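Enquirer: File start32.txt follows (compact mmCIF, C-alpha atoms):
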# COMPACT_ATOMS: atom_id res chain seq x y z
CA MET F 129 0.00 0.00 0.00
CA PRO F 130 1.51 3.37 -0.97
CA ARG F 131 2.60 5.67 1.84
CA ILE F 132 1.97 9.34 1.30
CA THR F 133 2.95 12.51 3.09
CA VAL F 134 0.45 15.30 2.95
CA THR F 135 0.10 18.56 4.82
CA VAL F 136 -3.49 19.46 5.67
CA ASP F 137 -4.36 22.77 7.31
CA GLY F 138 -0.80 23.16 8.48
CA VAL F 139 -0.33 19.68 9.97
CA THR F 140 1.77 17.07 8.17
CA TYR F 141 0.45 13.51 8.06
CA GLU F 142 2.01 10.27 6.88
CA GLU F 143 -0.61 7.80 5.79
CA ASP F 144 -0.76 4.40 4.13
CA VAL F 145 -3.55 4.61 1.57
CA GLU F 146 -5.09 2.31 -0.97
CA PRO F 147 -4.62 3.83 -4.43
CA ARG F 148 -8.39 4.06 -4.92
CA VAL F 149 -8.94 6.32 -1.91
CA LEU F 150 -10.14 9.75 -3.00
CA LEU F 151 -8.63 12.83 -1.40
CA VAL F 152 -12.02 13.78 0.05
CA HIS F 153 -12.30 10.40 1.77
CA LEU F 154 -8.78 10.73 3.18
CA LEU F 155 -9.71 14.15 4.55
CA ARG F 156 -13.02 13.11 6.06
CA GLU F 157 -12.56 9.55 7.19
CA ARG F 158 -8.88 9.34 8.04
CA LEU F 159 -8.07 12.88 9.15
CA GLY F 160 -11.48 13.84 10.53
CA LYS F 161 -11.80 16.92 8.32
CA THR F 162 -15.55 16.59 7.97
CA GLY F 163 -15.89 20.27 7.16
CA THR F 164 -15.37 19.20 3.56
CA PRO F 165 -18.56 17.44 2.41
CA VAL F 166 -19.19 15.04 -0.46
CA GLY F 167 -21.98 16.55 -2.49
CA CYS F 168 -22.27 14.55 -5.69
CA ASP F 169 -20.80 11.62 -7.55
CA THR F 170 -20.22 13.43 -10.80
CA SER F 171 -17.62 16.17 -10.17
CA ASN F 172 -20.35 18.73 -10.77
CA CYS F 173 -21.25 20.29 -7.48
CA GLY F 174 -17.97 21.62 -6.06
CA ALA F 175 -19.03 21.12 -2.41
CA CYS F 176 -15.77 19.24 -1.77
CA THR F 177 -13.53 22.03 -3.12
CA VAL F 178 -10.23 22.45 -1.28
CA LEU F 179 -6.99 24.21 -2.14
CA LEU F 180 -4.25 21.85 -3.36
CA ASP F 181 -0.89 23.62 -3.46
CA GLY F 182 -2.83 26.87 -3.41
CA LYS F 183 -5.26 26.12 -6.25
CA SER F 184 -8.88 25.05 -6.02
CA VAL F 185 -9.61 21.41 -6.83
CA LYS F 186 -12.58 19.13 -6.35
CA SER F 187 -11.27 16.69 -3.77
CA CYS F 188 -13.62 13.96 -5.04
CA SER F 189 -11.70 14.09 -8.32
CA VAL F 190 -8.21 13.72 -6.92
CA LEU F 191 -6.75 10.47 -5.60
CA ALA F 192 -5.10 10.72 -2.20
CA VAL F 193 -1.92 9.31 -3.78
CA GLN F 194 -1.93 12.21 -6.25
CA ALA F 195 -1.73 14.61 -3.29
CA ASP F 196 1.48 12.98 -2.03
CA GLY F 197 3.90 15.72 -1.01
CA CYS F 198 1.26 18.43 -1.44
CA ASP F 199 -0.22 21.10 0.77
CA VAL F 200 -3.98 21.00 1.29
CA VAL F 201 -6.14 23.71 2.82
CA THR F 202 -9.72 22.84 3.74
CA ILE F 203 -12.49 25.02 5.11
CA GLU F 204 -11.28 23.97 8.58
CA GLY F 205 -7.92 25.58 7.94
CA LEU F 206 -9.31 29.06 7.30
CA GLY F 207 -10.38 30.27 10.71
CA THR F 208 -11.71 29.23 14.08
CA SER F 209 -15.20 29.40 15.49
CA GLY F 210 -14.27 32.49 17.46
CA SER F 211 -12.41 34.13 14.62
CA MET F 212 -13.75 33.36 11.19
CA HIS F 213 -11.93 34.04 7.94
CA PRO F 214 -13.24 37.27 6.34
CA MET F 215 -14.87 35.23 3.56
CA GLN F 216 -16.64 32.98 6.09
CA GLN F 217 -17.75 36.07 8.00
CA ALA F 218 -19.05 37.65 4.78
CA PHE F 219 -21.11 34.51 3.96
CA HIS F 220 -22.54 34.76 7.48
CA GLU F 221 -23.32 38.50 7.24
CA GLU F 222 -24.87 38.30 3.78
CA HIS F 223 -27.00 35.21 4.51
CA ALA F 224 -25.22 33.43 1.67
CA LEU F 225 -26.44 30.00 2.74
CA GLN F 226 -29.57 28.16 3.65
CA CYS F 227 -28.83 24.46 4.07
CA GLY F 228 -25.10 25.16 4.06
CA TYR F 229 -24.05 22.06 2.18
CA CYS F 230 -22.36 23.92 -0.66
CA THR F 231 -20.84 26.58 1.60
CA PRO F 232 -17.39 25.07 2.31
CA GLY F 233 -16.82 24.62 -1.43
CA MET F 234 -18.21 28.06 -2.23
CA VAL F 235 -15.89 29.70 0.29
CA MET F 236 -12.83 27.82 -0.99
CA ALA F 237 -13.66 28.60 -4.62
CA ALA F 238 -14.22 32.26 -3.71
CA ILE F 239 -10.83 32.46 -2.00
CA ASP F 240 -9.22 30.85 -5.04
CA LEU F 241 -10.92 33.41 -7.29
CA LEU F 242 -9.57 36.30 -5.23
CA ARG F 243 -6.04 34.93 -5.42
CA GLU F 244 -5.60 36.59 -8.78
CA ASN F 245 -8.59 38.85 -8.86
CA PRO F 246 -8.81 40.63 -5.51
CA ASP F 247 -11.63 42.94 -6.62
CA PRO F 248 -13.87 40.88 -8.89
CA SER F 249 -16.98 42.15 -10.64
CA GLU F 250 -20.30 40.37 -10.25
CA GLU F 251 -19.78 38.77 -13.66
CA THR F 252 -16.29 37.56 -12.69
CA ILE F 253 -17.65 36.08 -9.46
CA ARG F 254 -20.41 34.25 -11.31
CA GLN F 255 -17.88 32.88 -13.80
CA GLY F 256 -15.41 31.99 -11.05
CA LEU F 257 -18.02 30.03 -9.10
CA GLU F 258 -19.46 28.21 -12.12
CA GLY F 259 -18.17 24.90 -10.76
CA ASN F 260 -20.05 25.26 -7.48
CA LEU F 261 -23.75 24.53 -7.29
CA CYS F 262 -26.17 25.87 -4.68
CA ARG F 263 -29.72 24.56 -4.78
CA CYS F 264 -31.10 26.89 -2.10
CA THR F 265 -30.10 30.50 -2.49
CA GLY F 266 -30.34 31.40 -6.13
CA TYR F 267 -26.76 32.67 -5.79
CA CYS F 268 -27.57 36.36 -5.28
CA ASN F 269 -26.46 36.46 -1.65
CA ILE F 270 -23.44 34.31 -2.44
CA VAL F 271 -22.28 36.83 -5.03
CA ARG F 272 -22.85 39.64 -2.52
CA ALA F 273 -20.89 37.72 0.10
CA VAL F 274 -17.93 37.23 -2.21
CA ARG F 275 -17.94 40.96 -3.02
CA ARG F 276 -18.02 41.76 0.69
CA GLY F 277 -15.39 39.15 1.52
CA ALA F 278 -13.16 40.58 -1.20
CA GLN F 279 -13.49 44.06 0.28
CA GLU F 280 -12.78 42.82 3.80
CA MET F 281 -9.78 40.83 2.63
CA GLY F 282 -8.52 43.83 0.64
CA GLN F 283 -8.77 46.01 3.73
CA ALA F 284 -7.02 43.36 5.82
CA VAL F 285 -4.14 43.44 3.34
CA THR F 286 -4.04 47.25 3.43
CA ARG F 287 -4.04 47.27 7.23
CA SER F 288 -1.26 44.69 7.58
CA MET I 276 -19.01 5.76 -5.16
CA ILE I 277 -15.57 4.43 -4.32
CA PRO I 278 -13.61 3.14 -7.34
CA ALA I 279 -12.81 -0.56 -7.68
CA GLN I 280 -9.31 -1.61 -6.66
CA PHE I 281 -6.34 -0.94 -8.87
CA ASP I 282 -2.57 -0.73 -8.55
CA TYR I 283 -0.83 2.59 -8.79
CA GLU I 284 2.56 3.49 -10.22
CA ARG I 285 4.22 6.85 -10.50
CA PRO I 286 7.20 6.33 -12.81
CA ALA I 287 10.10 8.77 -12.70
CA SER I 288 10.42 9.08 -16.48
CA LEU I 289 8.36 8.83 -19.64
CA ALA I 290 10.39 5.78 -20.72
CA GLU I 291 9.50 3.99 -17.47
CA ALA I 292 5.86 4.98 -17.87
CA CYS I 293 5.78 3.50 -21.40
CA GLN I 294 7.31 0.31 -20.02
CA ALA I 295 4.77 0.09 -17.19
CA LEU I 296 1.92 0.52 -19.66
CA ALA I 297 3.31 -1.99 -22.14
CA GLU I 298 3.53 -4.65 -19.42
CA ASP I 299 -0.18 -4.64 -18.67
CA ASP I 300 -2.95 -4.57 -21.28
CA GLU I 301 -5.49 -3.39 -18.71
CA ALA I 302 -3.38 -0.52 -17.35
CA LYS I 303 -4.49 3.05 -17.97
CA VAL I 304 -2.63 6.34 -18.02
CA LEU I 305 -3.58 8.77 -15.25
CA ALA I 306 -3.02 12.40 -16.16
CA GLY I 307 -5.05 15.04 -14.28
CA GLY I 308 -7.77 12.47 -13.65
CA GLN I 309 -10.67 14.83 -14.36
CA SER I 310 -12.22 12.45 -16.89
CA LEU I 311 -10.82 9.16 -15.64
CA LEU I 312 -11.67 9.50 -11.95
CA PRO I 313 -15.38 10.14 -12.57
CA LEU I 314 -15.42 7.03 -14.78
CA LEU I 315 -13.74 5.02 -12.03
CA ARG I 316 -16.11 6.34 -9.39
CA LEU I 317 -19.08 5.32 -11.48
CA ARG I 318 -17.36 1.98 -12.07
CA LEU I 319 -17.60 2.41 -15.82
CA ALA I 320 -13.93 1.43 -16.08
CA TYR I 321 -11.94 -1.27 -14.29
CA PRO I 322 -8.23 -0.76 -15.02
CA THR I 323 -5.84 -3.10 -13.21
CA LYS I 324 -3.28 -0.36 -12.80
CA LEU I 325 -3.01 3.41 -13.15
CA VAL I 326 0.27 4.80 -14.43
CA ASP I 327 0.45 8.36 -13.13
CA VAL I 328 2.29 10.61 -15.60
CA GLY I 329 0.97 13.83 -14.06
CA ARG I 330 4.30 14.85 -12.58
CA LEU I 331 6.60 14.09 -15.51
CA ASP I 332 8.44 17.28 -16.43
CA GLU I 333 9.05 15.85 -19.93
CA LEU I 334 5.34 16.24 -20.63
CA LYS I 335 4.85 19.69 -19.17
CA GLY I 336 4.99 23.21 -20.49
CA VAL I 337 3.91 25.17 -23.54
CA HIS I 338 6.67 26.01 -26.00
CA ASP I 339 6.90 28.45 -28.88
CA ARG I 340 8.82 26.62 -31.59
CA GLY I 341 8.89 29.06 -34.47
CA ASP I 342 6.35 27.73 -36.96
CA HIS I 343 4.30 25.92 -34.34
CA VAL I 344 3.31 25.90 -30.70
CA PHE I 345 4.11 22.69 -28.82
CA ILE I 346 1.71 22.06 -25.95
CA GLY I 347 2.98 19.42 -23.56
CA ALA I 348 0.40 16.73 -22.82
CA MET I 349 0.49 17.48 -19.08
CA ALA I 350 -0.01 21.23 -19.45
CA THR I 351 -3.15 21.89 -17.44
CA HIS I 352 -6.04 23.81 -18.97
CA ASP I 353 -5.21 26.60 -16.55
CA GLU I 354 -1.60 26.72 -17.79
CA VAL I 355 -2.75 26.68 -21.42
CA LEU I 356 -5.05 29.63 -20.72
CA ARG I 357 -2.13 31.61 -19.27
CA ALA I 358 0.48 30.70 -21.87
CA PRO I 359 1.53 33.69 -24.03
CA ALA I 360 2.55 31.25 -26.80
CA VAL I 361 -1.05 29.98 -26.95
CA ALA I 362 -2.55 33.47 -26.93
CA SER I 363 -0.38 34.56 -29.83
CA GLY I 364 0.24 31.33 -31.75
CA CYS I 365 -3.03 29.39 -31.43
CA PRO I 366 -5.72 31.63 -29.89
CA LEU I 367 -8.49 29.19 -30.86
CA VAL I 368 -7.05 26.74 -28.31
CA ALA I 369 -7.35 29.38 -25.59
CA MET I 370 -10.89 30.32 -26.67
CA ALA I 371 -12.07 26.71 -26.36
CA THR I 372 -10.09 25.97 -23.21
CA ALA I 373 -11.89 28.82 -21.45
CA HIS I 374 -15.09 26.80 -22.02
CA VAL I 375 -13.74 23.55 -20.53
CA ALA I 376 -15.61 22.66 -17.32
CA ASP I 377 -14.88 25.09 -14.46
CA PRO I 378 -11.86 26.68 -12.74
CA ALA I 379 -11.21 23.84 -10.26
CA ILE I 380 -11.29 21.23 -13.01
CA ARG I 381 -9.10 23.39 -15.24
CA HIS I 382 -6.49 23.41 -12.45
CA ARG I 383 -6.16 19.62 -12.68
CA GLY I 384 -7.32 18.58 -16.14
CA THR I 385 -4.71 18.45 -18.87
CA PHE I 386 -4.62 19.32 -22.55
CA GLY I 387 -3.21 15.90 -23.47
CA GLY I 388 -5.60 14.04 -21.23
CA SER I 389 -8.58 15.70 -22.90
CA LEU I 390 -7.35 14.60 -26.32
CA ALA I 391 -6.32 11.06 -25.36
CA HIS I 392 -9.72 10.59 -23.69
CA ALA I 393 -11.16 11.23 -27.18
CA ASP I 394 -14.58 12.31 -25.99
CA PRO I 395 -16.38 13.78 -29.01
CA ALA I 396 -18.27 16.05 -26.57
CA GLY I 397 -14.99 17.52 -25.28
CA ASP I 398 -14.14 21.00 -26.56
CA LEU I 399 -10.50 20.46 -27.46
CA PRO I 400 -10.59 17.52 -29.92
CA ALA I 401 -12.57 19.54 -32.49
CA VAL I 402 -10.15 22.45 -32.09
CA VAL I 403 -7.04 20.33 -32.66
CA LEU I 404 -8.77 18.72 -35.63
CA ALA I 405 -9.70 22.09 -37.13
CA LEU I 406 -6.16 23.43 -36.68
CA ASP I 407 -4.54 20.34 -38.26
CA GLY I 408 -2.60 19.63 -35.07
CA VAL I 409 -0.07 16.82 -34.95
CA LEU I 410 -0.13 14.57 -31.90
CA VAL I 411 3.23 13.24 -30.77
CA ALA I 412 3.17 9.84 -29.05
CA ARG I 413 6.04 8.13 -27.25
CA SER I 414 6.59 4.44 -26.64
CA ALA I 415 9.47 2.02 -26.08
CA GLN I 416 9.79 1.98 -29.88
CA GLY I 417 10.36 5.73 -30.03
CA GLU I 418 8.27 8.65 -31.20
CA ARG I 419 5.29 8.59 -33.57
CA GLU I 420 3.56 11.57 -35.12
CA ILE I 421 -0.18 11.26 -35.64
CA PRO I 422 -2.12 13.89 -37.61
CA ALA I 423 -5.29 14.87 -35.75
CA ALA I 424 -7.37 13.54 -38.67
CA ASP I 425 -6.02 10.03 -37.88
CA PHE I 426 -6.01 10.31 -34.09
CA PHE I 427 -9.70 10.15 -33.22
CA VAL I 428 -10.89 6.67 -34.14
CA ASP I 429 -14.22 6.15 -32.39
CA TYR I 430 -16.17 7.12 -29.28
CA LEU I 431 -13.59 7.49 -26.45
CA GLU I 432 -11.06 5.72 -28.67
CA SER I 433 -7.86 7.21 -30.03
CA SER I 434 -5.24 5.62 -32.25
CA LEU I 435 -2.77 5.43 -29.35
CA ALA I 436 -1.57 1.84 -28.93
CA GLN I 437 -1.12 0.18 -25.53
CA GLY I 438 2.31 1.27 -24.34
CA GLU I 439 2.07 4.59 -26.18
CA ILE I 440 1.67 7.84 -24.28
CA LEU I 441 0.72 11.18 -25.75
CA ALA I 442 3.70 13.48 -25.17
CA GLY I 443 2.32 16.66 -26.65
CA VAL I 444 0.71 18.34 -29.61
CA ARG I 445 2.13 20.53 -32.33
CA ILE I 446 -0.26 23.27 -33.38
CA PRO I 447 0.86 25.01 -36.59
CA LYS I 448 0.83 28.79 -36.29
CA PRO I 449 -1.52 30.56 -38.66
CA GLY I 450 -0.29 32.93 -41.35
CA GLU I 451 -1.73 36.37 -42.00
CA GLY I 452 -5.43 37.12 -42.16
CA TRP I 453 -6.84 34.35 -39.95
CA GLY I 454 -9.58 34.86 -37.40
CA PHE I 455 -10.90 32.35 -34.87
CA HIS I 456 -13.91 31.56 -32.77
CA TYR I 457 -15.25 28.69 -30.66
CA GLU I 458 -19.02 28.62 -30.34
CA LYS I 459 -20.40 26.29 -27.67
CA PHE I 460 -24.03 25.53 -26.93
CA HIS I 461 -24.85 23.96 -23.59
CA ARG I 462 -27.61 24.02 -21.01
CA THR I 463 -25.64 24.90 -17.90
CA ALA I 464 -22.40 26.75 -17.25
CA GLN I 465 -20.00 23.87 -16.74
CA ALA I 466 -21.67 21.27 -18.95
CA TRP I 467 -20.39 19.53 -22.03
CA ALA I 468 -21.31 20.97 -25.39
CA ILE I 469 -24.58 19.78 -26.85
CA VAL I 470 -22.90 20.97 -30.04
CA GLY I 471 -19.77 23.07 -30.44
CA VAL I 472 -18.07 24.59 -33.47
CA ALA I 473 -14.40 25.54 -33.77
CA ALA I 474 -13.82 27.95 -36.63
CA ALA I 475 -10.62 29.22 -38.23
CA VAL I 476 -11.36 31.57 -41.11
CA ARG I 477 -8.97 33.39 -43.42
CA ARG I 478 -10.13 36.58 -45.05
CA SER I 479 -8.71 38.65 -47.86
CA ASN I 480 -10.33 41.73 -49.42
CA GLY I 481 -13.71 41.09 -47.82
CA ALA I 482 -13.98 37.47 -48.94
CA ILE I 483 -13.25 34.20 -47.18
CA THR I 484 -10.27 32.48 -48.78
CA GLU I 485 -10.16 29.45 -46.49
CA ALA I 486 -12.13 28.01 -43.58
CA ARG I 487 -11.35 25.13 -41.24
CA LEU I 488 -14.25 23.97 -39.12
CA GLY I 489 -14.28 21.41 -36.32
CA LEU I 490 -17.54 20.05 -34.91
CA THR I 491 -17.94 18.97 -31.28
CA ASN I 492 -20.46 16.23 -30.39
CA MET I 493 -21.79 15.65 -33.92
CA GLY I 494 -20.65 12.02 -34.14
CA ALA I 495 -18.55 9.35 -32.45
CA THR I 496 -15.46 11.47 -33.09
CA PRO I 497 -14.88 15.18 -33.62
CA LEU I 498 -15.57 15.98 -37.27
CA ARG I 499 -14.61 18.52 -39.89
CA ALA I 500 -17.47 20.30 -41.68
CA HIS I 501 -15.90 19.57 -45.06
CA ALA I 502 -18.87 20.58 -47.21
CA THR I 503 -19.14 23.99 -45.56
CA GLU I 504 -15.38 24.49 -45.71
CA ALA I 505 -15.50 23.92 -49.49
CA ALA I 506 -18.59 26.07 -49.95
CA LEU I 507 -17.04 28.98 -48.06
CA ARG I 508 -13.99 29.21 -50.28
CA GLY I 509 -14.03 32.55 -52.13
CA VAL I 510 -17.38 33.59 -50.66
CA GLU I 511 -18.05 37.25 -49.83
CA LEU I 512 -19.32 37.96 -46.33
CA GLY I 513 -23.10 38.11 -46.22
CA ASP I 514 -25.91 35.79 -47.21
CA ALA I 515 -23.61 33.43 -49.09
CA VAL I 516 -21.92 32.58 -45.79
CA ARG I 517 -25.24 31.59 -44.29
CA GLN I 518 -25.99 29.41 -47.30
CA ALA I 519 -22.61 27.69 -47.05
CA CYS I 520 -23.24 26.98 -43.36
CA GLU I 521 -26.48 25.17 -44.25
CA GLN I 522 -24.22 22.23 -45.15
CA ALA I 523 -22.48 22.12 -41.76
CA ALA I 524 -24.23 18.94 -40.65
CA ASP I 525 -23.65 17.06 -43.92
CA GLY I 526 -21.94 13.74 -43.34
CA THR I 527 -22.38 13.85 -39.55
CA SER I 528 -24.09 11.23 -37.38
CA PRO I 529 -24.96 13.11 -34.21
CA PRO I 530 -25.89 11.19 -31.06
CA SER I 531 -29.27 11.11 -29.38
CA ASP I 532 -29.28 11.63 -25.63
CA LEU I 533 -31.32 13.35 -22.96
CA HIS I 534 -30.09 16.76 -24.15
CA ALA I 535 -30.92 16.53 -27.84
CA GLN I 536 -32.04 14.34 -30.70
CA PRO I 537 -29.99 14.10 -33.89
CA ASP I 538 -32.18 16.46 -35.96
CA TYR I 539 -31.91 19.15 -33.30
CA ARG I 540 -28.13 18.72 -33.22
CA ARG I 541 -28.01 19.07 -37.01
CA HIS I 542 -29.99 22.29 -36.70
CA LEU I 543 -27.61 23.52 -33.99
CA ALA I 544 -24.58 22.66 -36.12
CA ARG I 545 -25.89 24.84 -38.96
CA VAL I 546 -26.77 27.78 -36.73
CA LEU I 547 -23.64 27.62 -34.59
CA THR I 548 -21.35 27.20 -37.59
CA HIS I 549 -22.83 30.35 -39.08
CA ARG I 550 -22.23 32.22 -35.82
CA ALA I 551 -18.72 30.87 -35.44
CA VAL I 552 -17.73 31.67 -39.03
CA ARG I 553 -19.16 35.19 -38.90
CA THR I 554 -17.42 35.92 -35.60
CA ALA I 555 -14.13 34.40 -36.75
CA ALA I 556 -14.35 36.47 -39.93
CA GLY I 557 -14.78 39.59 -37.83
CA SER I 558 -18.38 40.39 -38.77
CA PRO I 559 -20.53 39.18 -35.90
Do you think you could lay out the structure here as structure tokens?
Expert:
Amino acid sequence: MPRITVTVDGVTYEEDVEPRVLLVHLLRERLGKTGTPVGCDTSNCGACTVLLDGKSVKSCSVLAVQADGCDVVTIEGLGTSGSMHPMQQAFHEEHALQCGYCTPGMVMAAIDLLRENPDPSEETIRQGLEGNLCRCTGYCNIVRAVRRGAQEMGQAVTRS
Amino acid sequence: MIPAQFDYERPASLAEACQALAEDDEAKVLAGGQSLLPLLRLRLAYPTKLVDVGRLDELKGVHDRGDHVFIGAMATHDEVLRAPAVASGCPLVAMATAHVADPAIRHRGTFGGSLAHADPAGDLPAVVLALDGVLVARSAQGEREIPAADFFVDYLESSLAQGEILAGVRIPKPGEGWGFHYEKFHRTAQAWAIVGVAAAVRRSNGAITEARLGLTNMGATPLRAHATEAALRGVELGDAVRQACEQAADGTSPPSDLHAQPDYRRHLARVLTHRAVRTAAGSP
């Protein structure tokens, strides 16, 4: 069984994994990172989005062995319950969720979008989140939240 | 669903990867995995072994090579979209790549993987076919060059032999006067094309001198719209272009699925070809 080394939310793990284990299953079942949900079986929904070496990926479409030597950030690595990441806070403030199932993926995809586009237009946000499905909100509040999160994150950068 | 069991190898070189593939008839190449892993999850494929070539530097990068652009098979869609050599030397590739799936999938999915997967509903096969790309395959026997017209054999079937790995693709640079457009019709943002049209059109003095048209999802393989290409030669922009595009579905055998029946796809091919040609010719 292959042995992999993977850093998740700042902690390095060495794990023996069957080749068929998906990254999302490693995160949830082995490492207890249940903040990352499995939404679909078709790579469509984006609920399981995490950052792999800084870029958004759907963790249901990556084998754990492919993440060997990589750095993974999940929704659990962004903030704490007392101190949320500005994007999490913005989703909270703007009521950008109802059932919440898509939210971890939405937040990770939004952070990925801002990596290169710190002040995105509504159109850019809608394009950037095209791989993330929400069946509750109709997206309007999500787009608002990403705009707000972008502003907060921009101000955080300016302050620091 | 969890995929069925398989072995996994991550060879250190392309030569070792070719060897690993040649040893096992049921082994499959793993590139970015964005097409293969969904198939494995749905248990539509049961390879005995995956040979992971995703980290081989030999297969990476986009290179400007004078008269052509060489796109390494493991260049991700995201890298292709950012490559200056693609923007200047084969902009049609960038136009279509922007339509492939969504950002997260474009971070993992590869140019070569999309072609070797040979899905006629994929956006890139029709583009490489329209641009007369040459696919370069490596095996223990050496290198083999496969013109795009000979590469796509059947539904999800390329002319790569077991033990052969796609190393990259040569896309000839256009000369003067060419314009490009990729027109995709789909129901939802990240979906496959119901029909897509890749158009490269050369204009001179207000008339079309040459057109190369690739059709997505109009048969078991990507297809060229040969009849329309011939009919467009020497045609002035205007109603004659529309008439030429009426032949866009000639010789196709479009599939029937929950999105569309064949007659609707033929209709789409005619309409979308007209749009793509007009836009490529600079008169939308």
Enquirer: I need the chain I residues near chain F as a PyMOL selection string; criterion: at most 12 Å, counting all atoms listed in the file.
Expert: chain I and resi 276-285+305-318+321-330+353+373-384+463-467
Enquirer: In Å, how far is it from CA of Ile132 in chain F to CA of Gly207 in chain F?
Expert: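 These atoms are spaced 26.1 Å apart.
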Enquirer: To one decimal place in Å, what is the distance between CA of Cys198 in chain F and CA of Gly182 in chain F?
Expert: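 Going from CA of Cys198 in chain F over to CA of Gly182 in chain F, I get 9.6 Å.
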Enquirer: Taking all atoms listed in the file into account, which of F:Leu159, F:Cys264, F:Val136, F:Val274 comes nearest Phe219 in chain F?
Expert: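 Using all atoms listed in the file, the shortest distance to Phe219 in chain F belongs to F:Val274.
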Enquirer: List the residues sitting within 6 Å of (7.0, 1.7, -24.6) in the file's frame, using all atoms listed in the file, as a list in words.
Expert: Cys293, Gln294, Ala297, Ser414, Ala415, Gln416, Gly438 and Glu439 of chain I
Enquirer: Which distance in Å separates CA of Tyr430 in chain I and CA of Ala506 in chain I, to one decimal?
Expert: 28.1 Å
Enquirer: Would you mind listing what lies within 12 Å of Leu404 in chain I as an mmCIF file with C-alpha atoms, in the coordinates of the input, with all atoms listed in the file counted and same-chain residues fewer than 2 positions away left out?
Expert:
data_model
loop_
_atom_site.group_PDB
_atom_site.id
_atom_site.type_symbol
_atom_site.label_atom_id
_atom_site.label_comp_id
_atom_site.auth_asym_id
_atom_site.auth_seq_id
_atom_site.Cartn_x
_atom_site.Cartn_y
_atom_site.Cartn_z
ATOM 1 C CA LEU I 367 -8.490 29.190 -30.860
ATOM 2 C CA VAL I 368 -7.050 26.740 -28.310
ATOM 3 C CA LEU I 390 -7.350 14.600 -26.320
ATOM 4 C CA ALA I 393 -11.160 11.230 -27.180
ATOM 5 C CA PRO I 395 -16.380 13.780 -29.010
ATOM 6 C CA ASP I 398 -14.140 21.000 -26.560
ATOM 7 C CA LEU I 399 -10.500 20.460 -27.460
ATOM 8 C CA PRO I 400 -10.590 17.520 -29.920
ATOM 9 C CA ALA I 401 -12.570 19.540 -32.490
ATOM 10 C CA VAL I 402 -10.150 22.450 -32.090
ATOM 11 C CA LEU I 406 -6.160 23.430 -36.680
ATOM 12 C CA ASP I 407 -4.540 20.340 -38.260
ATOM 13 C CA GLY I 408 -2.600 19.630 -35.070
ATOM 14 C CA VAL I 409 -0.070 16.820 -34.950
ATOM 15 C CA LEU I 410 -0.130 14.570 -31.900
ATOM 16 C CA ILE I 421 -0.180 11.260 -35.640
ATOM 17 C CA PRO I 422 -2.120 13.890 -37.610
ATOM 18 C CA ALA I 423 -5.290 14.870 -35.750
ATOM 19 C CA ALA I 424 -7.370 13.540 -38.670
ATOM 20 C CA ASP I 425 -6.020 10.030 -37.880
ATOM 21 C CA PHE I 426 -6.010 10.310 -34.090
ATOM 22 C CA PHE I 427 -9.700 10.150 -33.220
ATOM 23 C CA VAL I 444 0.710 18.340 -29.610
ATOM 24 C CA ARG I 445 2.130 20.530 -32.330
ATOM 25 C CA ILE I 446 -0.260 23.270 -33.380
ATOM 26 C CA PRO I 447 0.860 25.010 -36.590
ATOM 27 C CA VAL I 472 -18.070 24.590 -33.470
ATOM 28 C CA ALA I 473 -14.400 25.540 -33.770
ATOM 29 C CA ALA I 474 -13.820 27.950 -36.630
ATOM 30 C CA ALA I 475 -10.620 29.220 -38.230
ATOM 31 C CA ARG I 487 -11.350 25.130 -41.240
ATOM 32 C CA LEU I 488 -14.250 23.970 -39.120
ATOM 33 C CA GLY I 489 -14.280 21.410 -36.320
ATOM 34 C CA LEU I 490 -17.540 20.050 -34.910
ATOM 35 C CA THR I 491 -17.940 18.970 -31.280
ATOM 36 C CA THR I 496 -15.460 11.470 -33.090
ATOM 37 C CA PRO I 497 -14.880 15.180 -33.620
ATOM 38 C CA LEU I 498 -15.570 15.980 -37.270
ATOM 39 C CA ARG I 499 -14.610 18.520 -39.890
ATOM 40 C CA ALA I 500 -17.470 20.300 -41.680
ATOM 41 C CA HIS I 501 -15.900 19.570 -45.060
#
Enquirer: Contacts of Thr202 in chain F at 10 Å or less, counting all atoms listed in the file, minus same-chain residues fewer than 2 places along, as a ChimeraX atom specification?
Expert: /F:136-137,155,161-164,176-180,187,200,204-206,232-233,235-236
Enquirer: If you count all atoms listed in the file, which residues fall within 6 Å of Thr484 in chain I, apart from same-chain ones fewer than 3 positions away, as a PyMOL selection string?
Expert: chain I and resi 477-478+508-509
Enquirer: Counting only C-alpha atoms, figure out which residue out of F:Val134, F:Leu151, F:Ala278, F:Cys173 gets nearest to Asn245 in chain F.
Expert: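 When distances to Asn245 in chain F are compared using only C-alpha atoms, the smallest one comes from F:Ala278.
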Enquirer: Skip range 281-283 of chain F itself and residues of its chain fewer than 2 positions away, then list as a ChimeraX atom specification all residues within 12 Å of it, counting all atoms listed in the file.
Expert: /F:213-218,238-239,242-243,245-248,273-279,285-288
Enquirer: Can you work out which one of I:Ala360, I:Ala295, I:Ala412, I:Ala396 has the shortest atom-to-atom distance to Leu334 in chain I, counting only C-alpha atoms?
Expert: I:Ala412
Enquirer: Would you kindly return, as an NGL selection string, each protein, DNA or RNA residue with an atom no farther than 12 Å from any atom of Val470 in chain I, considering only C-alpha atoms and excluding same-chain residues fewer than 2 positions away?
Expert: :I and (395-398 or 401 or 457-462 or 466-468 or 472-473 or 489-494 or 497-498 or 523-524 or 527 or 529-531 or 534-548)
Enquirer: Restricting the calculation to only C-alpha atoms: of I:Ala362, I:Ala551, I:Met370, I:Val510, which residue gets closest to Asp339 in chain I?
Expert: I:Ala362
